[in-house]
$ cat my_file-v8.cif   # mmCIF, C-alpha atoms, pLDDT in the B column; chains and numbers go by the auth columns
data_input
loop_
_atom_site.group_PDB
_atom_site.id
_atom_site.type_symbol
_atom_site.label_atom_id
_atom_site.label_comp_id
_atom_site.label_asym_id
_atom_site.label_seq_id
_atom_site.Cartn_x
_atom_site.Cartn_y
_atom_site.Cartn_z
_atom_site.B_iso_or_equiv
_atom_site.auth_seq_id
_atom_site.auth_asym_id
ATOM 1 C CA GLU A 1 68.068 124.544 -94.001 59.00 62 A
ATOM 2 C CA ALA A 2 70.437 126.533 -96.177 54.00 63 A
ATOM 3 C CA ALA A 3 71.679 124.520 -99.121 91.00 64 A
ATOM 4 C CA VAL A 4 74.251 124.839 -101.868 95.00 65 A
ATOM 5 C CA THR A 5 74.490 122.129 -104.482 95.00 66 A
ATOM 6 C CA GLN A 6 77.081 121.627 -107.204 97.00 67 A
ATOM 7 C CA SER A 7 77.175 119.620 -110.386 96.00 68 A
ATOM 8 C CA PRO A 8 78.888 117.587 -111.506 96.00 69 A
ATOM 9 C CA ARG A 9 80.537 116.201 -108.380 95.00 70 A
ATOM 10 C CA SER A 10 83.483 115.040 -110.396 96.00 71 A
ATOM 11 C CA LYS A 11 84.652 115.453 -113.957 97.00 72 A
ATOM 12 C CA VAL A 12 87.472 114.384 -116.207 97.00 73 A
ATOM 13 C CA ALA A 13 88.231 116.834 -118.990 97.00 74 A
ATOM 14 C CA VAL A 14 90.748 116.947 -121.799 97.00 75 A
ATOM 15 C CA THR A 15 93.256 119.726 -122.229 97.00 76 A
ATOM 16 C CA GLY A 16 91.798 122.447 -124.410 97.00 77 A
ATOM 17 C CA GLY A 17 88.232 121.373 -123.839 97.00 78 A
ATOM 18 C CA LYS A 18 85.439 123.446 -122.346 97.00 79 A
ATOM 19 C CA VAL A 19 84.225 122.745 -118.828 98.00 80 A
ATOM 20 C CA THR A 20 81.206 124.197 -117.068 98.00 81 A
ATOM 21 C CA LEU A 21 80.693 123.787 -113.343 98.00 82 A
ATOM 22 C CA SER A 22 77.286 124.626 -111.954 98.00 83 A
ATOM 23 C CA CYS A 23 76.143 125.833 -108.560 98.00 84 A
ATOM 24 C CA HIS A 24 72.652 126.271 -107.165 97.00 85 A
ATOM 25 C CA GLN A 25 71.670 127.796 -103.831 97.00 86 A
ATOM 26 C CA THR A 26 68.377 127.946 -101.996 95.00 87 A
ATOM 27 C CA ASN A 27 69.576 130.339 -99.297 90.00 88 A
ATOM 28 C CA ASN A 28 68.200 133.466 -100.952 90.00 89 A
ATOM 29 C CA HIS A 29 71.691 134.960 -100.645 90.00 90 A
ATOM 30 C CA ASP A 30 72.871 137.736 -102.886 90.00 91 A
ATOM 31 C CA TYR A 31 76.567 136.821 -102.787 91.00 92 A
ATOM 32 C CA MET A 32 77.974 133.730 -104.436 94.00 93 A
ATOM 33 C CA TYR A 33 81.601 132.675 -104.789 95.00 94 A
ATOM 34 C CA TRP A 34 83.779 130.222 -106.653 97.00 95 A
ATOM 35 C CA TYR A 35 86.935 128.941 -104.949 96.00 96 A
ATOM 36 C CA ARG A 36 89.527 126.418 -105.908 96.00 97 A
ATOM 37 C CA GLN A 37 91.333 124.188 -103.481 93.00 98 A
ATOM 38 C CA ASP A 38 94.577 122.497 -104.306 91.00 99 A
ATOM 39 C CA THR A 39 95.857 119.586 -102.293 80.00 100 A
ATOM 40 C CA GLY A 40 97.261 120.762 -99.002 70.00 101 A
ATOM 41 C CA HIS A 41 96.231 124.348 -99.522 76.00 102 A
ATOM 42 C CA GLY A 42 93.486 126.662 -98.469 83.00 103 A
ATOM 43 C CA LEU A 43 90.861 128.176 -100.704 91.00 104 A
ATOM 44 C CA ARG A 44 91.549 130.796 -103.341 93.00 105 A
ATOM 45 C CA LEU A 45 88.825 133.033 -104.719 93.00 106 A
ATOM 46 C CA ILE A 46 88.283 132.844 -108.494 96.00 107 A
ATOM 47 C CA HIS A 47 85.121 134.867 -109.126 96.00 108 A
ATOM 48 C CA TYR A 48 82.247 136.156 -107.105 94.00 109 A
ATOM 49 C CA SER A 49 78.897 137.813 -107.716 94.00 110 A
ATOM 50 C CA TYR A 50 76.646 139.997 -105.608 91.00 111 A
ATOM 51 C CA VAL A 51 73.712 140.292 -107.989 93.00 112 A
ATOM 52 C CA ALA A 52 72.246 138.401 -110.913 94.00 113 A
ATOM 53 C CA ASP A 53 73.720 139.167 -114.342 94.00 114 A
ATOM 54 C CA SER A 54 76.919 140.536 -112.812 94.00 115 A
ATOM 55 C CA THR A 55 80.191 138.887 -111.859 95.00 116 A
ATOM 56 C CA GLU A 56 83.445 140.156 -110.402 93.00 117 A
ATOM 57 C CA LYS A 57 87.017 138.895 -110.535 94.00 118 A
ATOM 58 C CA GLY A 58 88.564 137.400 -107.464 91.00 119 A
ATOM 59 C CA ASP A 59 92.219 136.745 -106.765 90.00 120 A
ATOM 60 C CA ILE A 60 92.918 134.161 -109.494 94.00 121 A
ATOM 61 C CA PRO A 61 90.472 134.801 -112.371 96.00 122 A
ATOM 62 C CA ASP A 62 92.809 134.025 -115.277 97.00 123 A
ATOM 63 C CA GLY A 63 91.551 131.111 -117.354 97.00 124 A
ATOM 64 C CA TYR A 64 88.080 131.227 -115.808 98.00 125 A
ATOM 65 C CA LYS A 65 84.809 132.929 -116.611 98.00 126 A
ATOM 66 C CA ALA A 66 81.707 133.116 -114.475 98.00 127 A
ATOM 67 C CA SER A 67 78.024 133.523 -115.160 98.00 128 A
ATOM 68 C CA ARG A 68 75.181 134.455 -112.789 98.00 129 A
ATOM 69 C CA PRO A 69 71.915 134.138 -114.733 97.00 130 A
ATOM 70 C CA SER A 70 69.756 134.269 -111.618 97.00 131 A
ATOM 71 C CA GLN A 71 70.087 134.759 -107.876 96.00 132 A
ATOM 72 C CA GLU A 72 70.086 131.002 -107.371 97.00 133 A
ATOM 73 C CA ASN A 73 72.559 129.932 -110.048 98.00 134 A
ATOM 74 C CA PHE A 74 76.243 130.630 -110.538 98.00 135 A
ATOM 75 C CA SER A 75 78.441 128.861 -113.089 98.00 136 A
ATOM 76 C CA LEU A 76 82.180 128.641 -113.551 98.00 137 A
ATOM 77 C CA ILE A 77 83.412 128.179 -117.101 98.00 138 A
ATOM 78 C CA LEU A 78 86.795 126.968 -118.255 97.00 139 A
ATOM 79 C CA GLU A 79 86.869 127.793 -121.974 95.00 140 A
ATOM 80 C CA LEU A 80 90.178 126.028 -122.607 97.00 141 A
ATOM 81 C CA ALA A 81 90.929 123.658 -119.765 97.00 142 A
ATOM 82 C CA SER A 82 94.567 123.218 -118.818 97.00 143 A
ATOM 83 C CA LEU A 83 96.449 120.736 -116.670 97.00 144 A
ATOM 84 C CA SER A 84 97.036 123.409 -114.030 96.00 145 A
ATOM 85 C CA GLN A 85 93.291 123.696 -113.482 97.00 146 A
ATOM 86 C CA THR A 86 93.099 120.247 -111.935 97.00 147 A
ATOM 87 C CA ALA A 87 91.716 120.971 -108.481 96.00 148 A
ATOM 88 C CA VAL A 88 88.625 120.791 -106.314 95.00 149 A
ATOM 89 C CA TYR A 89 86.196 123.644 -106.892 97.00 150 A
ATOM 90 C CA PHE A 90 83.833 124.921 -104.243 96.00 151 A
ATOM 91 C CA CYS A 91 80.882 127.194 -104.604 97.00 152 A
ATOM 92 C CA ALA A 92 79.609 129.188 -101.645 95.00 153 A
ATOM 93 C CA SER A 93 76.889 131.673 -100.862 94.00 154 A
ATOM 94 C CA SER A 94 76.627 134.276 -98.130 90.00 155 A
ATOM 95 C CA ASP A 95 74.754 137.266 -96.876 82.00 156 A
ATOM 96 C CA PRO A 96 77.379 139.931 -96.037 72.00 157 A
ATOM 97 C CA GLY A 97 74.718 142.018 -94.363 68.00 158 A
ATOM 98 C CA GLN A 98 74.517 139.354 -91.721 64.00 159 A
ATOM 99 C CA ARG A 99 77.060 140.077 -89.054 61.00 160 A
ATOM 100 C CA GLY A 100 80.047 137.809 -89.486 58.00 161 A
ATOM 101 C CA ASP A 101 79.050 136.746 -92.981 72.00 162 A
ATOM 102 C CA THR A 102 78.893 132.982 -92.647 85.00 163 A
ATOM 103 C CA GLN A 103 79.681 131.240 -95.905 90.00 164 A
ATOM 104 C CA TYR A 104 77.674 128.187 -96.916 92.00 165 A
ATOM 105 C CA PHE A 105 79.593 125.792 -99.094 95.00 166 A
ATOM 106 C CA GLY A 106 78.614 123.209 -101.625 95.00 167 A
ATOM 107 C CA PRO A 107 80.123 119.703 -101.562 93.00 168 A
ATOM 108 C CA GLY A 108 82.726 120.530 -104.207 95.00 169 A
ATOM 109 C CA THR A 109 83.518 119.374 -107.732 96.00 170 A
ATOM 110 C CA ARG A 110 86.668 117.375 -108.282 96.00 171 A
ATOM 111 C CA LEU A 111 88.076 118.277 -111.711 97.00 172 A
ATOM 112 C CA LEU A 112 90.829 116.310 -113.377 97.00 173 A
ATOM 113 C CA VAL A 113 92.259 117.713 -116.592 97.00 174 A
ATOM 114 C CA LEU A 114 94.236 115.251 -118.679 96.00 175 A
ATOM 115 C CA THR B 1 96.284 143.148 -97.266 71.00 94 B
ATOM 116 C CA GLN B 2 94.621 140.505 -95.166 78.00 95 B
ATOM 117 C CA THR B 3 96.607 137.406 -94.354 88.00 96 B
ATOM 118 C CA VAL B 4 95.802 134.387 -92.247 93.00 97 B
ATOM 119 C CA SER B 5 98.479 132.067 -90.924 94.00 98 B
ATOM 120 C CA GLN B 6 97.891 128.604 -89.523 95.00 99 B
ATOM 121 C CA SER B 7 101.307 127.529 -88.388 92.00 100 B
ATOM 122 C CA ASP B 8 100.539 123.852 -87.814 94.00 101 B
ATOM 123 C CA ALA B 9 99.797 121.891 -90.959 93.00 102 B
ATOM 124 C CA HIS B 10 99.169 118.688 -88.969 95.00 103 B
ATOM 125 C CA VAL B 11 98.179 118.007 -85.373 97.00 104 B
ATOM 126 C CA THR B 12 97.783 114.527 -83.916 97.00 105 B
ATOM 127 C CA VAL B 13 96.179 113.855 -80.528 97.00 106 B
ATOM 128 C CA PHE B 14 94.486 110.974 -78.747 97.00 107 B
ATOM 129 C CA GLU B 15 90.787 110.746 -78.150 97.00 108 B
ATOM 130 C CA GLY B 16 89.903 112.559 -74.941 97.00 109 B
ATOM 131 C CA ASP B 17 92.864 114.935 -75.176 97.00 110 B
ATOM 132 C CA SER B 18 92.471 118.674 -75.370 97.00 111 B
ATOM 133 C CA VAL B 19 93.612 120.456 -78.498 98.00 112 B
ATOM 134 C CA GLU B 20 94.398 123.979 -79.623 98.00 113 B
ATOM 135 C CA LEU B 21 94.657 124.921 -83.280 98.00 114 B
ATOM 136 C CA ARG B 22 96.446 128.184 -83.877 98.00 115 B
ATOM 137 C CA CYS B 23 95.448 131.037 -86.139 97.00 116 B
ATOM 138 C CA ASN B 24 97.155 134.397 -86.539 97.00 117 B
ATOM 139 C CA TYR B 25 95.981 137.125 -88.823 94.00 118 B
ATOM 140 C CA SER B 26 97.160 140.397 -90.247 91.00 119 B
ATOM 141 C CA TYR B 27 94.657 143.122 -91.008 84.00 120 B
ATOM 142 C CA GLY B 28 94.503 146.822 -90.393 75.00 121 B
ATOM 143 C CA GLY B 29 90.858 147.360 -89.566 79.00 122 B
ATOM 144 C CA SER B 30 87.778 145.818 -88.004 82.00 123 B
ATOM 145 C CA ILE B 31 87.303 142.207 -88.914 85.00 124 B
ATOM 146 C CA TYR B 32 85.147 139.172 -88.638 89.00 125 B
ATOM 147 C CA LEU B 33 86.974 135.971 -87.686 92.00 126 B
ATOM 148 C CA SER B 34 85.643 132.488 -88.312 94.00 127 B
ATOM 149 C CA TRP B 35 86.586 128.855 -88.138 96.00 128 B
ATOM 150 C CA TYR B 36 85.386 126.233 -90.596 96.00 129 B
ATOM 151 C CA ILE B 37 85.733 122.459 -90.613 96.00 130 B
ATOM 152 C CA GLN B 38 86.178 120.257 -93.653 93.00 131 B
ATOM 153 C CA HIS B 39 85.674 116.529 -93.383 93.00 132 B
ATOM 154 C CA HIS B 40 87.303 114.376 -96.031 89.00 133 B
ATOM 155 C CA GLY B 41 85.641 114.803 -99.404 86.00 134 B
ATOM 156 C CA ARG B 42 83.174 117.395 -98.154 89.00 135 B
ATOM 157 C CA GLY B 43 82.670 121.130 -98.360 90.00 136 B
ATOM 158 C CA LEU B 44 83.565 123.495 -95.551 93.00 137 B
ATOM 159 C CA GLN B 45 81.132 123.880 -92.690 94.00 138 B
ATOM 160 C CA PHE B 46 80.900 126.825 -90.347 92.00 139 B
ATOM 161 C CA LEU B 47 82.011 126.258 -86.739 94.00 140 B
ATOM 162 C CA LEU B 48 81.987 129.653 -85.058 94.00 141 B
ATOM 163 C CA LYS B 49 82.694 133.337 -85.531 92.00 142 B
ATOM 164 C CA TYR B 50 83.763 136.446 -83.659 92.00 143 B
ATOM 165 C CA TYR B 51 82.977 140.063 -84.343 87.00 144 B
ATOM 166 C CA SER B 52 82.911 141.902 -81.037 86.00 145 B
ATOM 167 C CA GLY B 53 82.175 141.511 -77.346 89.00 146 B
ATOM 168 C CA ASN B 54 83.260 138.513 -75.304 93.00 147 B
ATOM 169 C CA PRO B 55 86.563 137.370 -76.835 94.00 148 B
ATOM 170 C CA VAL B 56 85.715 133.728 -76.160 96.00 149 B
ATOM 171 C CA VAL B 57 83.089 132.400 -78.522 95.00 150 B
ATOM 172 C CA GLN B 58 81.379 129.067 -78.386 95.00 151 B
ATOM 173 C CA GLY B 59 80.697 126.943 -81.425 92.00 152 B
ATOM 174 C CA VAL B 60 79.159 123.625 -82.258 88.00 153 B
ATOM 175 C CA ASN B 61 80.303 120.286 -80.858 91.00 154 B
ATOM 176 C CA GLY B 62 82.180 121.769 -77.891 95.00 155 B
ATOM 177 C CA PHE B 63 84.540 123.967 -79.861 96.00 156 B
ATOM 178 C CA GLU B 64 85.449 127.427 -78.685 97.00 157 B
ATOM 179 C CA ALA B 65 87.835 130.094 -79.905 97.00 158 B
ATOM 180 C CA GLU B 66 89.468 133.044 -78.245 97.00 159 B
ATOM 181 C CA PHE B 67 90.202 136.352 -79.921 95.00 160 B
ATOM 182 C CA SER B 68 93.275 138.295 -78.884 94.00 161 B
ATOM 183 C CA LYS B 69 93.829 141.695 -80.441 91.00 162 B
ATOM 184 C CA SER B 70 97.257 142.087 -78.882 92.00 163 B
ATOM 185 C CA ASP B 71 98.442 138.788 -80.359 94.00 164 B
ATOM 186 C CA SER B 72 96.405 139.066 -83.581 94.00 165 B
ATOM 187 C CA SER B 73 95.200 135.575 -82.905 96.00 166 B
ATOM 188 C CA PHE B 74 92.028 133.535 -82.949 97.00 167 B
ATOM 189 C CA HIS B 75 92.932 130.080 -81.668 98.00 168 B
ATOM 190 C CA LEU B 76 90.444 127.217 -81.698 98.00 169 B
ATOM 191 C CA ARG B 77 90.186 124.872 -78.720 98.00 170 B
ATOM 192 C CA LYS B 78 88.368 121.799 -77.610 97.00 171 B
ATOM 193 C CA ALA B 79 88.650 120.298 -74.149 97.00 172 B
ATOM 194 C CA SER B 80 88.117 116.658 -75.098 97.00 173 B
ATOM 195 C CA VAL B 81 88.296 115.532 -78.709 97.00 174 B
ATOM 196 C CA HIS B 82 86.476 112.641 -80.309 96.00 175 B
ATOM 197 C CA TRP B 83 87.635 110.574 -83.277 95.00 176 B
ATOM 198 C CA SER B 84 84.930 112.239 -85.373 95.00 177 B
ATOM 199 C CA ASP B 85 86.710 115.576 -84.913 97.00 178 B
ATOM 200 C CA SER B 86 89.378 114.369 -87.336 97.00 179 B
ATOM 201 C CA ALA B 87 89.182 116.842 -90.203 96.00 180 B
ATOM 202 C CA VAL B 88 90.861 119.895 -91.675 95.00 181 B
ATOM 203 C CA TYR B 89 90.177 123.155 -89.887 97.00 182 B
ATOM 204 C CA PHE B 90 90.339 126.518 -91.612 96.00 183 B
ATOM 205 C CA CYS B 91 90.603 129.918 -90.028 96.00 184 B
ATOM 206 C CA ALA B 92 89.112 132.799 -92.020 93.00 185 B
ATOM 207 C CA VAL B 93 89.059 136.575 -91.808 91.00 186 B
ATOM 208 C CA ARG B 94 86.965 139.247 -93.502 86.00 187 B
ATOM 209 C CA GLY B 95 87.135 142.982 -93.162 79.00 188 B
ATOM 210 C CA THR B 96 83.869 144.462 -91.939 74.00 189 B
ATOM 211 C CA GLY B 97 83.764 146.850 -94.883 72.00 190 B
ATOM 212 C CA GLY B 98 84.466 144.244 -97.530 70.00 191 B
ATOM 213 C CA TYR B 99 83.101 141.112 -99.088 73.00 192 B
ATOM 214 C CA LYS B 100 86.122 138.869 -99.493 81.00 193 B
ATOM 215 C CA VAL B 101 86.932 136.138 -97.015 87.00 194 B
ATOM 216 C CA VAL B 102 90.571 135.110 -96.751 89.00 195 B
ATOM 217 C CA PHE B 103 91.213 131.560 -95.624 91.00 196 B
ATOM 218 C CA GLY B 104 94.264 130.110 -93.960 93.00 197 B
ATOM 219 C CA SER B 105 95.967 127.058 -95.406 92.00 198 B
ATOM 220 C CA GLY B 106 94.290 124.745 -92.924 94.00 199 B
ATOM 221 C CA THR B 107 95.331 122.433 -90.083 96.00 200 B
ATOM 222 C CA ARG B 108 94.702 118.722 -90.421 96.00 201 B
ATOM 223 C CA LEU B 109 93.646 117.279 -87.067 97.00 202 B
ATOM 224 C CA LEU B 110 93.972 113.553 -86.576 97.00 203 B
ATOM 225 C CA VAL B 111 92.406 112.061 -83.474 97.00 204 B
ATOM 226 C CA SER B 112 93.709 108.596 -82.663 94.00 205 B
ATOM 227 C CA PRO B 113 91.531 106.191 -80.696 87.00 206 B
#
$ encode --input "my_file-v8.cif" --output "structure tokens"
Amino acid sequence: EAAVTQSPRSKVAVTGGKVTLSCHQTNNHDYMYWYRQDTGHGLRLIHYSYVADSTEKGDIPDGYKASRPSQENFSLILELASLSQTAVYFCASSDPGQRGDTQYFGPGTRLLVL
Amino acid sequence: TQTVSQSDAHVTVFEGDSVELRCNYSYGGSIYLSWYIQHHGRGLQFLLKYYSGNPVVQGVNGFEAEFSKSDSSFHLRKASVHWSDSAVYFCAVRGTGGYKVVFGSGTRLLVSP
């Protein structure tokens, strides 16, 4: 079965600190995505990648970097964490060549920046 | 620009009732439409999708959705809900020529016993 895992599942960070969120997929998908979800809101796209060693900006990339060292792994990096980055972060993978492009989501990482 | 609107932030029904969760979209070309479910503290899970053909599509656990081009809608329905259907439901749209999926803000469904 398709699987996307994320680590850590939750994290408390200090303002100005560096945070790295990791995502691993075993779906053999080329596309991977990072979204953030704020309470009571939908998902907003931060970064995405369609091939290893390449990342693209999504709708809200400011304050975030991404890294895709391999097809299976996709990281989101907050170099200088800020209070406004407190949110739940979801990683997803998909195969856009598949009609309808179902997205497979990880369980999420709950980040609290103090 | 693609937009997805879910007009009801909260819907409360009793177990055994039917329910319809509304989704309207705005997009100028061919699209894929999907519904996802998110249980508390979990990631989103795919329910169903529409691309072409029969405008009524069946999903898992008795859910179905109907596409209407004239109304720019893709409403989700279930004939008889169970308490375990309590969750947040997201409508999503993607252009067939693109990569980006746009999600609605979600509808929280609460099924009372």
$ interface_residues --input "my_file-v8.cif" --of "chain B" --to "chain A" --cutoff "10 Å" --atoms "all atoms listed in the file" --output "JSON, numbers by chain"
{"B": [102, 124, 125, 126, 127, 128, 129, 131, 134, 135, 136, 137, 138, 139, 140, 141, 142, 143, 144, 145, 181, 182, 183, 184, 185, 186, 187, 188, 189, 190, 191, 192, 193, 194, 195, 196, 197, 198, 199, 200, 201]}
$ resolve_selection --input "my_file-v8.cif" --expression "the PyMOL selection byres ((chain B and resi 157) around 12)" --output "JSON, numbers by chain"
{"B": [111, 112, 113, 114, 127, 128, 129, 140, 141, 142, 143, 147, 148, 149, 150, 151, 152, 153, 154, 155, 156, 158, 159, 160, 167, 168, 169, 170, 171, 172, 173]}
$ write_last_selection --input "my_file-v8.cif" --atoms "C-alpha atoms" --output "PDB file, in the coordinates of the input"
ATOM      1  CA  SER B 111      92.471 118.674 -75.370  1.00 97.00           C
ATOM      2  CA  VAL B 112      93.612 120.456 -78.498  1.00 98.00           C
ATOM      3  CA  GLU B 113      94.398 123.979 -79.623  1.00 98.00           C
ATOM      4  CA  LEU B 114      94.657 124.921 -83.280  1.00 98.00           C
ATOM      5  CA  SER B 127      85.643 132.488 -88.312  1.00 94.00           C
ATOM      6  CA  TRP B 128      86.586 128.855 -88.138  1.00 96.00           C
ATOM      7  CA  TYR B 129      85.386 126.233 -90.596  1.00 96.00           C
ATOM      8  CA  LEU B 140      82.011 126.258 -86.739  1.00 94.00           C
ATOM      9  CA  LEU B 141      81.987 129.653 -85.058  1.00 94.00           C
ATOM     10  CA  LYS B 142      82.694 133.337 -85.531  1.00 92.00           C
ATOM     11  CA  TYR B 143      83.763 136.446 -83.659  1.00 92.00           C
ATOM     12  CA  ASN B 147      83.260 138.513 -75.304  1.00 93.00           C
ATOM     13  CA  PRO B 148      86.563 137.370 -76.835  1.00 94.00           C
ATOM     14  CA  VAL B 149      85.715 133.728 -76.160  1.00 96.00           C
ATOM     15  CA  VAL B 150      83.089 132.400 -78.522  1.00 95.00           C
ATOM     16  CA  GLN B 151      81.379 129.067 -78.386  1.00 95.00           C
ATOM     17  CA  GLY B 152      80.697 126.943 -81.425  1.00 92.00           C
ATOM     18  CA  VAL B 153      79.159 123.625 -82.258  1.00 88.00           C
ATOM     19  CA  ASN B 154      80.303 120.286 -80.858  1.00 91.00           C
ATOM     20  CA  GLY B 155      82.180 121.769 -77.891  1.00 95.00           C
ATOM     21  CA  PHE B 156      84.540 123.967 -79.861  1.00 96.00           C
ATOM     22  CA  ALA B 158      87.835 130.094 -79.905  1.00 97.00           C
ATOM     23  CA  GLU B 159      89.468 133.044 -78.245  1.00 97.00           C
ATOM     24  CA  PHE B 160      90.202 136.352 -79.921  1.00 95.00           C
ATOM     25  CA  PHE B 167      92.028 133.535 -82.949  1.00 97.00           C
ATOM     26  CA  HIS B 168      92.932 130.080 -81.668  1.00 98.00           C
ATOM     27  CA  LEU B 169      90.444 127.217 -81.698  1.00 98.00           C
ATOM     28  CA  ARG B 170      90.186 124.872 -78.720  1.00 98.00           C
ATOM     29  CA  LYS B 171      88.368 121.799 -77.610  1.00 97.00           C
ATOM     30  CA  ALA B 172      88.650 120.298 -74.149  1.00 97.00           C
ATOM     31  CA  SER B 173      88.117 116.658 -75.098  1.00 97.00           C
TER      32      SER B 173
END
$ closest_atom_pairs --input "my_file-v8.cif" --of "segment 94-142 of chain A" --to "segment 70-87 of chain A" --cutoff "10 Å" --atoms "only C-alpha atoms" --output "Markdown table"
| residue | atom | partner | partner_atom | distance |
| --- | --- | --- | --- | --- |
| A:Tyr94 | CA | A:Cys84 | CA | 9.5 |
| A:Trp95 | CA | A:Cys84 | CA | 9.0 |
| A:Tyr125 | CA | A:Val80 | CA | 9.8 |
| A:Lys126 | CA | A:Thr81 | CA | 9.5 |
| A:Ala127 | CA | A:Thr81 | CA | 9.3 |
| A:Ser128 | CA | A:Ser83 | CA | 9.5 |
| A:Arg129 | CA | A:Cys84 | CA | 9.7 |
| A:Ser131 | CA | A:His85 | CA | 9.6 |
| A:Gln132 | CA | A:Gln86 | CA | 8.2 |
| A:Glu133 | CA | A:Gln86 | CA | 5.0 |
| A:Asn134 | CA | A:His85 | CA | 4.7 |
| A:Phe135 | CA | A:Cys84 | CA | 5.2 |
| A:Ser136 | CA | A:Ser83 | CA | 4.5 |
| A:Leu137 | CA | A:Leu82 | CA | 5.1 |
| A:Ile138 | CA | A:Thr81 | CA | 4.6 |
| A:Leu139 | CA | A:Val80 | CA | 5.0 |
| A:Glu140 | CA | A:Lys79 | CA | 4.6 |
| A:Leu141 | CA | A:Gly77 | CA | 4.3 |
| A:Ala142 | CA | A:Gly77 | CA | 4.9 |
$ resolve_selection --input "my_file-v8.cif" --expression "the PyMOL selection byres ((chain B and resi 97) around 6)" --output "ChimeraX atom specification"
/B:96,98,117-118,197
$ closest_residue --input "my_file-v8.cif" --among "B:Ser205, B:Gly122, B:Val106, B:Ser100" --to "Lys162 of chain B" --atoms "only C-alpha atoms"
B:Gly122
$ resolve_selection --input "my_file-v8.cif" --expression "the PyMOL selection byres ((chain B and resi 174) around 6)" --output "list of chain:residue names"
B:Glu108, B:Gly109, B:Asp110, B:Ser173, B:His175
$ atom_distance --input "my_file-v8.cif" --atom1 "atom CA of Ser143 of chain A" --atom2 "atom CA of Val174 of chain A"
6.4 Å
$ atom_distance --input "my_file-v8.cif" --atom1 "atom CA of Ser119 of chain B" --atom2 "atom CA of Leu202 of chain B"
23.6 Å
$ residues_around --input "my_file-v8.cif" --residues "Leu203 of chain B" --least-positions-apart "5" --cutoff "7 Å" --atoms "all atoms listed in the file" --output "number ranges by chain"
B: 104-106, 179-180
$ atom_distance --input "my_file-v8.cif" --atom1 "atom CA of Tyr96 of chain A" --atom2 "atom CA of Asp178 of chain B"
24.1 Å
$ axis_aligned_box --input "my_file-v8.cif" --around "segment 142-148 of chain A" --padding-each-side "3 Å" --output "AutoDock Vina command-line options"
--center_x 94.0 --center_y 122.0 --center_z -114.1 --size_x 12.1 --size_y 9.4 --size_z 17.3
$ build_atoms --input "my_file-v8.cif" --residues "segment 133-143 of chain A" --atoms "N, CA, C and O atoms" --output "short mmCIF file (atom, residue, chain, number, x, y, z; two decimals), in the coordinates of the input"
data_model
loop_
_atom_site.label_atom_id
_atom_site.label_comp_id
_atom_site.auth_asym_id
_atom_site.auth_seq_id
_atom_site.Cartn_x
_atom_site.Cartn_y
_atom_site.Cartn_z
N GLU A 133 69.83 132.35 -107.87
CA GLU A 133 70.09 131.00 -107.37
C GLU A 133 71.25 130.29 -108.04
O GLU A 133 71.80 129.35 -107.48
N ASN A 134 71.60 130.70 -109.25
CA ASN A 134 72.56 129.93 -110.05
C ASN A 134 73.82 130.71 -110.38
O ASN A 134 73.76 131.89 -110.75
N PHE A 135 74.94 130.01 -110.29
CA PHE A 135 76.24 130.63 -110.54
C PHE A 135 77.13 129.57 -111.18
O PHE A 135 77.33 128.51 -110.59
N SER A 136 77.63 129.84 -112.36
CA SER A 136 78.44 128.86 -113.09
C SER A 136 79.88 129.33 -113.23
O SER A 136 80.15 130.54 -113.30
N LEU A 137 80.76 128.37 -113.28
CA LEU A 137 82.18 128.64 -113.55
C LEU A 137 82.53 127.95 -114.85
O LEU A 137 82.26 126.76 -115.02
N ILE A 138 83.15 128.69 -115.76
CA ILE A 138 83.41 128.18 -117.10
C ILE A 138 84.91 128.21 -117.38
O ILE A 138 85.56 129.26 -117.21
N LEU A 139 85.41 127.07 -117.80
CA LEU A 139 86.80 126.97 -118.26
C LEU A 139 86.73 126.79 -119.77
O LEU A 139 86.37 125.72 -120.26
N GLU A 140 87.01 127.84 -120.52
CA GLU A 140 86.87 127.79 -121.97
C GLU A 140 87.88 126.84 -122.60
O GLU A 140 87.58 126.09 -123.52
N LEU A 141 89.10 126.89 -122.09
CA LEU A 141 90.18 126.03 -122.61
C LEU A 141 90.88 125.42 -121.40
O LEU A 141 91.82 125.98 -120.85
N ALA A 142 90.40 124.26 -120.98
CA ALA A 142 90.93 123.66 -119.76
C ALA A 142 92.41 123.33 -119.90
O ALA A 142 92.88 122.90 -120.98
N SER A 143 93.14 123.53 -118.83
CA SER A 143 94.57 123.22 -118.82
C SER A 143 94.89 122.32 -117.63
O SER A 143 94.13 122.23 -116.67
#
